[in-house]
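What follows is model.txt (compact mmCIF, C-alpha atoms).
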# COMPACT_ATOMS: atom_id res chain seq x y z
CA MET A 13 22.56 19.18 10.40
CA GLY A 14 24.24 21.89 12.45
CA ASP A 15 25.81 21.77 15.90
CA MET A 16 23.68 19.53 18.03
CA SER A 17 25.35 20.65 21.25
CA GLU A 18 23.18 23.80 21.00
CA ALA A 19 19.96 21.79 21.01
CA LYS A 20 17.02 24.10 21.59
CA ILE A 21 14.84 21.10 22.24
CA LYS A 22 14.85 19.59 25.74
CA THR A 23 12.33 16.75 25.34
CA ILE A 24 11.04 14.88 22.32
CA GLY A 25 8.08 12.52 22.09
CA VAL A 26 7.86 9.48 19.83
CA LEU A 27 4.71 7.73 18.62
CA THR A 28 3.71 5.10 16.08
CA SER A 29 0.48 5.70 14.19
CA GLY A 30 -1.77 3.95 11.69
CA GLY A 31 -1.09 0.35 10.67
CA ASP A 32 1.79 -1.34 12.50
CA ALA A 33 4.81 -2.43 10.49
CA PRO A 34 7.74 -4.71 11.36
CA GLY A 35 10.79 -2.52 11.99
CA MET A 36 8.89 0.19 13.88
CA ASN A 37 10.60 -0.98 17.08
CA ALA A 38 14.03 -0.49 15.52
CA ALA A 39 12.99 3.07 14.61
CA ILE A 40 11.68 3.78 18.14
CA ARG A 41 14.94 2.45 19.61
CA ALA A 42 17.02 4.63 17.28
CA VAL A 43 15.00 7.77 18.12
CA VAL A 44 15.32 7.19 21.87
CA ARG A 45 19.03 6.41 21.93
CA THR A 46 20.05 9.14 19.47
CA ALA A 47 18.13 11.80 21.41
CA ILE A 48 19.57 10.67 24.75
CA GLN A 49 23.12 10.72 23.30
CA ASN A 50 22.42 14.33 22.33
CA GLY A 51 21.31 15.29 25.84
CA VAL A 52 17.60 15.34 24.97
CA ALA A 53 15.00 13.55 27.11
CA VAL A 54 12.46 11.24 25.44
CA LYS A 55 8.85 10.45 26.20
CA GLY A 56 7.02 7.57 24.55
CA ILE A 57 3.42 8.16 23.54
CA LYS A 58 1.37 4.96 23.57
CA GLN A 59 -1.38 4.11 21.06
CA GLY A 60 -0.54 6.83 18.53
CA TYR A 61 -2.52 10.08 18.36
CA ALA A 62 -5.35 8.44 20.31
CA GLY A 63 -2.91 7.84 23.17
CA LEU A 64 -1.63 11.42 22.94
CA LEU A 65 -5.17 12.72 23.48
CA LYS A 66 -5.60 10.32 26.42
CA GLU A 67 -2.18 11.35 27.82
CA LYS A 68 -0.74 7.84 27.68
CA ILE A 69 2.78 9.25 27.97
CA ILE A 70 5.77 7.50 29.55
CA ASP A 71 9.39 8.46 30.21
CA MET A 72 11.87 6.49 28.12
CA ASN A 73 15.57 5.81 28.55
CA SER A 74 18.14 3.62 26.81
CA SER A 75 17.07 0.50 28.66
CA SER A 76 13.38 1.11 27.74
CA VAL A 77 14.32 0.11 24.20
CA SER A 78 16.72 -2.75 24.87
CA ASP A 79 15.70 -6.15 23.47
CA ILE A 80 13.02 -4.76 21.12
CA ILE A 81 14.85 -4.48 17.77
CA GLN A 82 14.02 -8.10 16.82
CA ARG A 83 10.33 -7.85 17.72
CA GLY A 84 7.54 -7.28 15.18
CA GLY A 85 4.76 -4.76 15.70
CA THR A 86 5.31 -1.69 17.87
CA VAL A 87 6.05 -1.71 21.62
CA LEU A 88 4.33 1.69 21.91
CA GLY A 89 1.16 0.36 20.30
CA THR A 90 -0.88 2.13 17.65
CA ALA A 91 -4.48 3.09 16.95
CA ARG A 92 -6.62 4.88 14.40
CA CYS A 93 -7.77 8.29 15.66
CA PRO A 94 -10.61 10.05 13.76
CA GLU A 95 -10.66 12.71 16.51
CA PHE A 96 -7.20 13.85 15.48
CA ARG A 97 -8.50 14.80 12.04
CA THR A 98 -10.48 17.61 13.69
CA ALA A 99 -9.11 21.08 14.58
CA LYS A 100 -10.29 20.53 18.17
CA GLY A 101 -8.35 17.25 18.49
CA GLN A 102 -5.21 18.81 16.98
CA LYS A 103 -5.34 21.81 19.33
CA GLN A 104 -5.81 19.45 22.29
CA GLY A 105 -2.78 17.44 21.09
CA VAL A 106 -0.61 20.57 21.12
CA GLU A 107 -1.80 21.51 24.62
CA ILE A 108 -0.98 18.02 25.92
CA CYS A 109 2.51 18.17 24.35
CA LYS A 110 3.10 21.53 26.11
CA LYS A 111 1.74 20.20 29.41
CA HIS A 112 4.23 17.29 29.30
CA GLY A 113 7.13 19.50 28.15
CA ILE A 114 7.34 17.84 24.72
CA ASP A 115 9.00 20.35 22.34
CA GLY A 116 9.43 17.98 19.39
CA LEU A 117 7.72 14.88 18.10
CA VAL A 118 8.75 11.96 15.89
CA VAL A 119 5.75 10.38 14.16
CA ILE A 120 6.38 6.92 12.67
CA GLY A 121 3.62 5.88 10.25
CA GLY A 122 2.08 6.40 6.83
CA ASP A 123 0.53 9.28 4.89
CA GLY A 124 -2.40 9.67 7.29
CA SER A 125 0.01 9.94 10.22
CA PHE A 126 2.01 12.59 8.34
CA ALA A 127 -1.13 14.66 7.78
CA GLY A 128 -1.51 14.75 11.59
CA ALA A 129 2.17 15.64 12.00
CA GLN A 130 1.74 18.50 9.50
CA LYS A 131 -1.10 19.96 11.59
CA LEU A 132 0.93 19.72 14.83
CA ALA A 133 3.92 21.40 13.15
CA ASN A 134 1.66 24.23 11.94
CA LEU A 135 0.47 24.68 15.54
CA GLY A 136 4.01 25.06 16.88
CA VAL A 137 5.21 21.57 17.90
CA ALA A 138 8.42 20.69 16.01
CA THR A 139 7.50 17.50 14.15
CA VAL A 140 9.35 14.99 11.94
CA GLY A 141 7.69 12.06 10.15
CA VAL A 142 9.30 8.65 9.55
CA PRO A 143 7.72 6.43 6.84
CA GLY A 144 6.56 3.20 8.45
CA THR A 145 4.07 1.15 6.39
CA ILE A 146 4.20 -2.27 4.73
CA ASP A 147 2.45 -0.76 1.68
CA LEU A 148 5.49 1.13 0.23
CA ASP A 149 3.01 3.82 -0.85
CA ILE A 150 4.73 7.01 0.35
CA ALA A 151 5.84 8.93 -2.72
CA CYS A 152 8.82 10.86 -1.31
CA THR A 153 10.77 7.75 -0.31
CA ASP A 154 12.16 4.69 -2.12
CA TYR A 155 11.56 2.59 0.99
CA THR A 156 9.07 2.37 3.84
CA ILE A 157 9.75 0.48 7.07
CA GLY A 158 8.02 -2.93 7.09
CA PHE A 159 7.83 -3.57 3.36
CA ASP A 160 10.71 -6.04 3.17
CA THR A 161 9.41 -8.21 6.02
CA ALA A 162 5.83 -8.16 4.69
CA VAL A 163 6.81 -9.01 1.14
CA ASN A 164 9.02 -11.90 2.31
CA THR A 165 6.23 -13.24 4.56
CA ALA A 166 3.79 -13.10 1.63
CA MET A 167 6.31 -14.69 -0.77
CA GLU A 168 6.90 -17.65 1.56
CA ALA A 169 3.14 -18.14 2.03
CA ILE A 170 2.52 -18.08 -1.74
CA ASP A 171 5.29 -20.67 -2.29
CA LYS A 172 3.42 -22.96 0.11
CA VAL A 173 0.07 -22.40 -1.61
CA ARG A 174 1.72 -23.15 -4.98
CA ASP A 175 2.78 -26.61 -3.68
CA THR A 176 -0.77 -27.61 -2.87
CA SER A 177 -2.13 -25.89 -5.99
CA THR A 178 0.13 -28.08 -8.16
CA SER A 179 -0.81 -31.26 -6.25
CA HIS A 180 -4.51 -30.65 -6.89
CA GLU A 181 -4.10 -28.99 -10.31
CA ARG A 182 -6.03 -25.97 -9.06
CA CYS A 183 -6.23 -22.31 -9.80
CA ASN A 184 -5.43 -20.24 -6.70
CA ILE A 185 -6.13 -16.56 -6.11
CA ILE A 186 -3.92 -15.24 -3.33
CA GLU A 187 -4.80 -11.81 -1.98
CA VAL A 188 -1.99 -9.75 -0.47
CA MET A 189 -2.13 -6.51 1.50
CA GLY A 190 -1.08 -3.05 0.34
CA HIS A 191 -4.12 -0.85 0.99
CA THR A 192 -4.73 0.84 -2.40
CA ALA A 193 -1.17 0.21 -3.67
CA GLY A 194 0.03 -2.81 -5.64
CA TYR A 195 3.69 -3.02 -4.56
CA ILE A 196 3.40 -6.19 -2.44
CA ALA A 197 1.35 -7.83 -5.23
CA LEU A 198 3.85 -6.81 -7.92
CA TRP A 199 6.92 -7.97 -5.99
CA CYS A 200 5.30 -11.29 -5.00
CA GLY A 201 3.85 -11.80 -8.48
CA ILE A 202 7.34 -11.57 -9.96
CA ALA A 203 9.15 -13.35 -7.09
CA ASN A 204 6.63 -16.22 -6.93
CA GLY A 205 6.35 -16.67 -10.69
CA ALA A 206 2.59 -16.01 -10.66
CA GLU A 207 0.65 -16.57 -13.87
CA ASP A 208 -1.36 -13.37 -13.32
CA ILE A 209 -0.72 -10.27 -11.19
CA LEU A 210 -3.65 -7.94 -10.47
CA LEU A 211 -2.63 -4.41 -9.43
CA PRO A 212 -5.05 -1.59 -8.50
CA GLU A 213 -2.90 0.82 -10.53
CA LYS A 214 -3.20 -1.24 -13.73
CA TYR A 215 -6.11 -3.71 -13.53
CA ASP A 216 -8.76 -3.22 -16.21
CA TYR A 217 -11.31 -5.61 -14.61
CA ASP A 218 -11.29 -7.76 -17.75
CA GLU A 219 -12.05 -11.09 -16.08
CA GLN A 220 -12.52 -12.79 -19.45
CA ALA A 221 -8.82 -12.20 -20.20
CA LEU A 222 -7.97 -13.96 -16.91
CA ILE A 223 -10.25 -16.88 -17.78
CA ASN A 224 -8.76 -17.17 -21.29
CA ASN A 225 -5.25 -17.19 -19.80
CA ILE A 226 -6.14 -19.97 -17.34
CA ILE A 227 -7.65 -22.14 -20.13
CA ARG A 228 -4.67 -21.47 -22.44
CA ASN A 229 -2.17 -22.43 -19.71
CA ARG A 230 -4.08 -25.60 -18.88
CA LYS A 231 -3.98 -26.61 -22.58
CA LEU A 232 -0.22 -26.03 -22.52
CA GLY A 233 0.03 -28.54 -19.66
CA LYS A 234 0.43 -26.16 -16.69
CA ARG A 235 -0.66 -27.96 -13.51
CA HIS A 236 -1.45 -24.86 -11.48
CA HIS A 237 -2.42 -21.23 -12.02
CA ILE A 238 -1.45 -18.67 -9.40
CA ILE A 239 -3.15 -15.27 -9.44
CA VAL A 240 -1.70 -12.70 -7.01
CA ASN A 241 -4.47 -10.21 -6.27
CA ALA A 242 -3.97 -6.90 -4.47
CA GLU A 243 -6.13 -5.89 -1.50
CA GLY A 244 -7.04 -2.69 -3.40
CA ILE A 245 -8.94 -4.88 -5.89
CA GLY A 246 -10.16 -7.47 -3.37
CA HIS A 247 -13.24 -9.69 -3.88
CA SER A 248 -11.00 -12.77 -4.24
CA ALA A 249 -13.64 -15.28 -3.07
CA SER A 250 -16.31 -14.15 -5.56
CA MET A 251 -13.66 -13.94 -8.32
CA ALA A 252 -12.69 -17.57 -7.53
CA ARG A 253 -16.33 -18.72 -7.84
CA ARG A 254 -16.75 -16.98 -11.20
CA ILE A 255 -13.47 -18.41 -12.56
CA GLU A 256 -14.38 -21.93 -11.44
CA SER A 257 -17.81 -21.82 -13.10
CA ALA A 258 -16.33 -20.39 -16.32
CA THR A 259 -13.38 -22.80 -16.60
CA GLY A 260 -14.50 -25.92 -14.73
CA ILE A 261 -11.14 -25.77 -12.94
CA GLU A 262 -11.25 -25.96 -9.15
CA THR A 263 -10.39 -22.47 -7.90
CA ARG A 264 -9.57 -21.41 -4.35
CA ALA A 265 -9.10 -17.97 -2.78
CA THR A 266 -6.59 -17.38 0.03
CA ILE A 267 -6.47 -14.02 1.78
CA LEU A 268 -3.14 -13.72 3.57
CA GLY A 269 -4.33 -10.80 5.69
CA TYR A 270 -2.69 -9.60 8.89
CA MET A 271 0.04 -12.25 9.00
CA GLN A 272 1.85 -9.94 6.58
CA ARG A 273 2.02 -7.22 9.23
CA GLY A 274 3.64 -9.41 11.87
CA GLY A 275 6.82 -11.33 12.46
CA SER A 276 10.40 -10.50 13.33
CA PRO A 277 11.68 -7.77 10.96
CA THR A 278 14.25 -8.64 8.31
CA CYS A 279 17.78 -7.23 8.47
CA ARG A 280 16.85 -4.63 5.84
CA ASP A 281 13.88 -3.40 7.88
CA ARG A 282 15.91 -3.21 11.11
CA TYR A 283 18.80 -1.47 9.38
CA ILE A 284 16.84 1.18 7.45
CA ALA A 285 14.49 1.80 10.40
CA SER A 286 17.56 2.42 12.61
CA LEU A 287 19.03 4.88 10.09
CA MET A 288 15.70 6.70 9.68
CA GLY A 289 14.91 6.88 13.41
CA ALA A 290 18.35 8.28 14.23
CA TYR A 291 18.06 10.80 11.38
CA ALA A 292 14.64 11.99 12.64
CA ALA A 293 15.98 12.53 16.17
CA MET A 294 19.00 14.44 14.79
CA LEU A 295 16.72 16.71 12.73
CA LEU A 296 14.71 17.62 15.84
CA CYS A 297 17.83 18.03 17.98
CA SER A 298 19.21 20.48 15.42
CA GLY A 299 16.04 22.60 15.55
CA LYS A 300 14.31 21.36 12.40
CA SER A 301 10.56 20.87 12.07
CA MET A 302 7.92 20.09 9.43
CA ARG A 303 10.16 17.42 7.83
CA VAL A 304 9.66 13.87 6.57
CA VAL A 305 12.62 11.47 6.56
CA ALA A 306 13.02 9.59 3.28
CA PHE A 307 15.36 6.91 1.95
CA LYS A 308 16.70 7.87 -1.48
CA ASN A 309 19.63 6.32 -3.36
CA ASP A 310 20.50 4.25 -0.27
CA GLN A 311 20.76 7.17 2.12
CA CYS A 312 18.57 9.24 4.42
CA VAL A 313 17.35 12.62 3.21
CA ASP A 314 14.48 14.84 4.34
CA TYR A 315 11.66 16.76 2.68
CA ASP A 316 9.27 19.49 3.72
CA ILE A 317 6.16 17.69 4.96
CA ASN A 318 3.84 19.70 2.64
CA GLU A 319 5.97 18.81 -0.39
CA ALA A 320 6.10 15.14 0.68
CA LEU A 321 2.30 14.91 1.00
CA ARG A 322 1.81 16.43 -2.47
CA MET A 323 4.08 13.92 -4.24
CA GLN A 324 2.49 11.15 -6.33
CA LYS A 325 3.81 7.63 -6.78
CA ASP A 326 3.03 5.01 -9.41
CA ILE A 327 4.28 1.60 -10.46
CA SER A 328 6.79 1.97 -13.27
CA ALA A 329 5.78 0.76 -16.73
CA TYR A 330 8.99 -1.31 -16.90
CA GLU A 331 8.28 -3.25 -13.67
CA PHE A 332 4.71 -3.92 -14.79
CA GLU A 333 5.92 -5.09 -18.21
CA VAL A 334 8.48 -7.46 -16.64
CA GLY A 335 5.72 -8.95 -14.46
CA ARG A 336 3.63 -9.49 -17.59
CA LEU A 337 6.47 -10.92 -19.73
CA LEU A 338 7.76 -13.39 -17.15
CA SER A 339 4.33 -14.84 -16.34
CA ARG A 340 3.78 -16.07 -19.89

Can you present the structure in this file as structure tokens?
Amino acid sequence: MGDMSEAKIKTIGVLTSGGDAPGMNAAIRAVVRTAIQNGVAVKGIKQGYAGLLKEKIIDMNSSSVSDIIQRGGTVLGTARCPEFRTAKGQKQGVEICKKHGIDGLVVIGGDGSFAGAQKLANLGVATVGVPGTIDLDIACTDYTIGFDTAVNTAMEAIDKVRDTSTSHERCNIIEVMGHTAGYIALWCGIANGAEDILLPEKYDYDEQALINNIIRNRKLGKRHHIIVNAEGIGHSASMARRIESATGIETRATILGYMQRGGSPTCRDRYIASLMGAYAAMLLCSGKSMRVVAFKNDQCVDYDINEALRMQKDISAYEFEVGRLLSR
């Protein structure tokens, strides 16, 4: 990454944008401490791009980020910011960075956050993106900060629902998060031994096949039927009503919702977030811009932000097939 003693950058800003994800605090901490160790000052921007436009900017030092690595959410806060999708908002963002002496910016968030980072980089603010989203839906990276915690939270909740489902001999539809991606649903479907896994990438909306599977399993003596449904498909409550009237089997819908976003991050989330945050700060300190940090083959790498945003990701046929085979 070059000689960081010749850092052209004097001050970097760090913000978290879009949906919060456990492990973001570990990434913030790593950015702050790595930059400071390299003689670069750090400013924290509160409430994402919205906070940037409102100049919610604070000075940060090593002690600003002590005792946060174990906390869920983001200490800097986050917000959606439609204004930042406009050329006017982006130009204003650049002016505010200049006013506060921010030469470089680390943006921790998902694809939408990276689109904002891309615009800032084009307008002359050195910018590096770090993938933080529970959805695991960023194509350039094998891992996104928050996924491990979210998927473990969902898995534990589904185990608990299974207990009561068996006691009452019910069918249960459990809806997990993931925006339009099915990774949390796939992982939980396999890890929880679900009878059916509904993924936005693969679901054919053939509800009759679901109903036939529930009836077949009941005839085989199965005392419960767990369907893991992805948020991208949704409509779990109405699906439950239709299944109950078609099968005569009591059917309940449980939407796990925002609990999946919270909680103390797992070791994996803290560890990878620390590696990614440090890597992002090093890229900026060495004069790089327009990059996205990614985790590939168990190490940090970086991509051009334009290339990263163009990449497509899909669930592998093998993983989907294993989910199907093991549920039968």

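Between Glu213 in chain A and the candidates A:Asn318, A:Thr259, A:Ser179, A:Ser328, the tightest atom-to-atom separation, counting all atoms listed in the file, involves A:Ser328.
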
Residue contacts of range 83-97 of chain A (6 Å, all atoms listed in the file) excluding same-chain residues fewer than 4 positions away, as a PyMOL selection string: chain A and resi 28-30+32-34+36-37+58-60+62+101-102+274-277

Name all residues at most 8 Å from Gly289 in chain A (count all atoms listed in the file; drop same-chain ones fewer than 3 positions away) and give them as a ChimeraX atom specification. /A:38-43,142,285-286,292-293

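The two atoms in question, CA of Tyr217 in chain A and CA of Ile245 in chain A, are spaced 9.1 Å apart.
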
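Minimum atom-to-atom distance to Pro212 in chain A, evaluated using all atoms listed in the file, belongs to A:Ala242 out of A:Ile226, A:Ala242, A:Val26, A:Ala265.
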
Between CA of Asp160 in chain A and CA of Arg182 in chain A - distance in Å to one decimal: 28.8 Å

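Shell of Arg228 in chain A at 12 Å, with all atoms listed in the file counted and residues fewer than 6 places along the chain excluded, is A:Glu207, A:Ala221, A:Leu222, A:Lys234, A:Arg235, A:His236, A:His237, A:Thr259, A:Arg340.
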
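Between CA of Arg253 in chain A and CA of Lys231 in chain A lies a distance of 20.8 Å.
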
Near Ile170 in chain A, counting all atoms listed in the file, which residues have an atom at most 12 Å away, once you skip same-chain residues fewer than 6 positions from it, shown as a PDB file with C-alpha atoms, keeping the file's coordinate frame?
ATOM      1  CA  VAL A 163       6.810  -9.010   1.140  1.00  0.00           C
ATOM      2  CA  ASN A 164       9.020 -11.900   2.310  1.00  0.00           C
ATOM      3  CA  THR A 176      -0.770 -27.610  -2.870  1.00  0.00           C
ATOM      4  CA  SER A 177      -2.130 -25.890  -5.990  1.00  0.00           C
ATOM      5  CA  ASN A 184      -5.430 -20.240  -6.700  1.00  0.00           C
ATOM      6  CA  ILE A 185      -6.130 -16.560  -6.110  1.00  0.00           C
ATOM      7  CA  ILE A 186      -3.920 -15.240  -3.330  1.00  0.00           C
ATOM      8  CA  GLU A 187      -4.800 -11.810  -1.980  1.00  0.00           C
ATOM      9  CA  VAL A 188      -1.990  -9.750  -0.470  1.00  0.00           C
ATOM     10  CA  ILE A 196       3.400  -6.190  -2.440  1.00  0.00           C
ATOM     11  CA  ALA A 197       1.350  -7.830  -5.230  1.00  0.00           C
ATOM     12  CA  TRP A 199       6.920  -7.970  -5.990  1.00  0.00           C
ATOM     13  CA  CYS A 200       5.300 -11.290  -5.000  1.00  0.00           C
ATOM     14  CA  GLY A 201       3.850 -11.800  -8.480  1.00  0.00           C
ATOM     15  CA  ILE A 202       7.340 -11.570  -9.960  1.00  0.00           C
ATOM     16  CA  ALA A 203       9.150 -13.350  -7.090  1.00  0.00           C
ATOM     17  CA  ASN A 204       6.630 -16.220  -6.930  1.00  0.00           C
ATOM     18  CA  GLY A 205       6.350 -16.670 -10.690  1.00  0.00           C
ATOM     19  CA  ALA A 206       2.590 -16.010 -10.660  1.00  0.00           C
ATOM     20  CA  HIS A 237      -2.420 -21.230 -12.020  1.00  0.00           C
ATOM     21  CA  ILE A 238      -1.450 -18.670  -9.400  1.00  0.00           C
ATOM     22  CA  ILE A 239      -3.150 -15.270  -9.440  1.00  0.00           C
ATOM     23  CA  VAL A 240      -1.700 -12.700  -7.010  1.00  0.00           C
ATOM     24  CA  ASN A 241      -4.470 -10.210  -6.270  1.00  0.00           C
ATOM     25  CA  ALA A 265      -9.100 -17.970  -2.780  1.00  0.00           C
ATOM     26  CA  THR A 266      -6.590 -17.380   0.030  1.00  0.00           C
ATOM     27  CA  ILE A 267      -6.470 -14.020   1.780  1.00  0.00           C
ATOM     28  CA  LEU A 268      -3.140 -13.720   3.570  1.00  0.00           C
ATOM     29  CA  GLN A 272       1.850  -9.940   6.580  1.00  0.00           C
TER      30      GLN A 272
END

Could you name the residues that touch Val305 in chain A at 9 Å or less, counting all atoms listed in the file, but leaving out those on the same chain fewer than 3 positions away, as a ChimeraX atom specification? /A:140-143,152-153,288-289,291-292,312-315

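Each of A:Lys68, A:Lys55, A:Lys100, A:His180 was checked against Ile261 in chain A using all atoms listed in the file; the smallest atom-to-atom distance is that of A:His180.
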
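Closest to Ala129 in chain A among A:Val106, A:Ala151, A:Cys297, A:Val77 is A:Val106, based on all atoms listed in the file.
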
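Proximity to Tyr283 in chain A was assessed for A:Cys183, A:Ile150, A:Ile157, A:Ile255 counting all atoms listed in the file; the smallest distance is recorded for A:Ile157.
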
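Minimum distance to Thr165 in chain A across A:Met271, A:Ile24, A:Ala127, A:Ala193 (counting only C-alpha atoms) occurs at A:Met271.
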
Take range 148-162 of chain A from the preceding structure and save N, CA and C atoms as an mmCIF file, in the first residue's frame.
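Printed below is selection05.cif as written:
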data_model
loop_
_atom_site.group_PDB
_atom_site.id
_atom_site.type_symbol
_atom_site.label_atom_id
_atom_site.label_comp_id
_atom_site.auth_asym_id
_atom_site.auth_seq_id
_atom_site.Cartn_x
_atom_site.Cartn_y
_atom_site.Cartn_z
ATOM 1 N N LEU A 148 -25.707 -9.576 3.270
ATOM 2 C CA LEU A 148 -24.660 -10.301 2.516
ATOM 3 C C LEU A 148 -24.841 -10.133 1.004
ATOM 4 N N ASP A 149 -25.414 -8.988 0.589
ATOM 5 C CA ASP A 149 -25.805 -8.850 -0.820
ATOM 6 C C ASP A 149 -24.891 -7.934 -1.629
ATOM 7 N N ILE A 150 -23.623 -7.810 -1.214
ATOM 8 C CA ILE A 150 -22.675 -7.001 -1.987
ATOM 9 C C ILE A 150 -21.776 -7.951 -2.775
ATOM 10 N N ALA A 151 -21.844 -7.828 -4.102
ATOM 11 C CA ALA A 151 -21.290 -8.862 -4.982
ATOM 12 C C ALA A 151 -19.768 -8.990 -4.919
ATOM 13 N N CYS A 152 -19.053 -7.899 -4.652
ATOM 14 C CA CYS A 152 -17.590 -7.954 -4.745
ATOM 15 C C CYS A 152 -16.944 -8.659 -3.557
ATOM 16 N N THR A 153 -17.712 -8.935 -2.517
ATOM 17 C CA THR A 153 -17.117 -9.472 -1.286
ATOM 18 C C THR A 153 -17.784 -10.776 -0.864
ATOM 19 N N ASP A 154 -16.993 -11.680 -0.266
ATOM 20 C CA ASP A 154 -17.538 -12.933 0.265
ATOM 21 C C ASP A 154 -18.288 -12.682 1.570
ATOM 22 N N TYR A 155 -17.995 -11.544 2.224
ATOM 23 C CA TYR A 155 -18.544 -11.322 3.556
ATOM 24 C C TYR A 155 -18.918 -9.863 3.739
ATOM 25 N N THR A 156 -20.031 -9.622 4.398
ATOM 26 C CA THR A 156 -20.406 -8.254 4.779
ATOM 27 C C THR A 156 -20.583 -8.201 6.295
ATOM 28 N N ILE A 157 -20.123 -7.114 6.890
ATOM 29 C CA ILE A 157 -20.171 -6.946 8.344
ATOM 30 C C ILE A 157 -21.628 -7.011 8.828
ATOM 31 N N GLY A 158 -21.884 -7.847 9.809
ATOM 32 C CA GLY A 158 -23.222 -7.956 10.416
ATOM 33 C C GLY A 158 -23.939 -9.246 10.077
ATOM 34 N N PHE A 159 -23.521 -9.901 8.993
ATOM 35 C CA PHE A 159 -24.241 -11.101 8.557
ATOM 36 C C PHE A 159 -24.174 -12.214 9.604
ATOM 37 N N ASP A 160 -22.994 -12.462 10.147
ATOM 38 C CA ASP A 160 -22.841 -13.589 11.072
ATOM 39 C C ASP A 160 -23.704 -13.413 12.316
ATOM 40 N N THR A 161 -23.712 -12.207 12.871
ATOM 41 C CA THR A 161 -24.535 -11.948 14.061
ATOM 42 C C THR A 161 -26.014 -12.116 13.734
ATOM 43 N N ALA A 162 -26.440 -11.522 12.615
ATOM 44 C CA ALA A 162 -27.863 -11.573 12.234
ATOM 45 C C ALA A 162 -28.330 -13.001 12.002
#
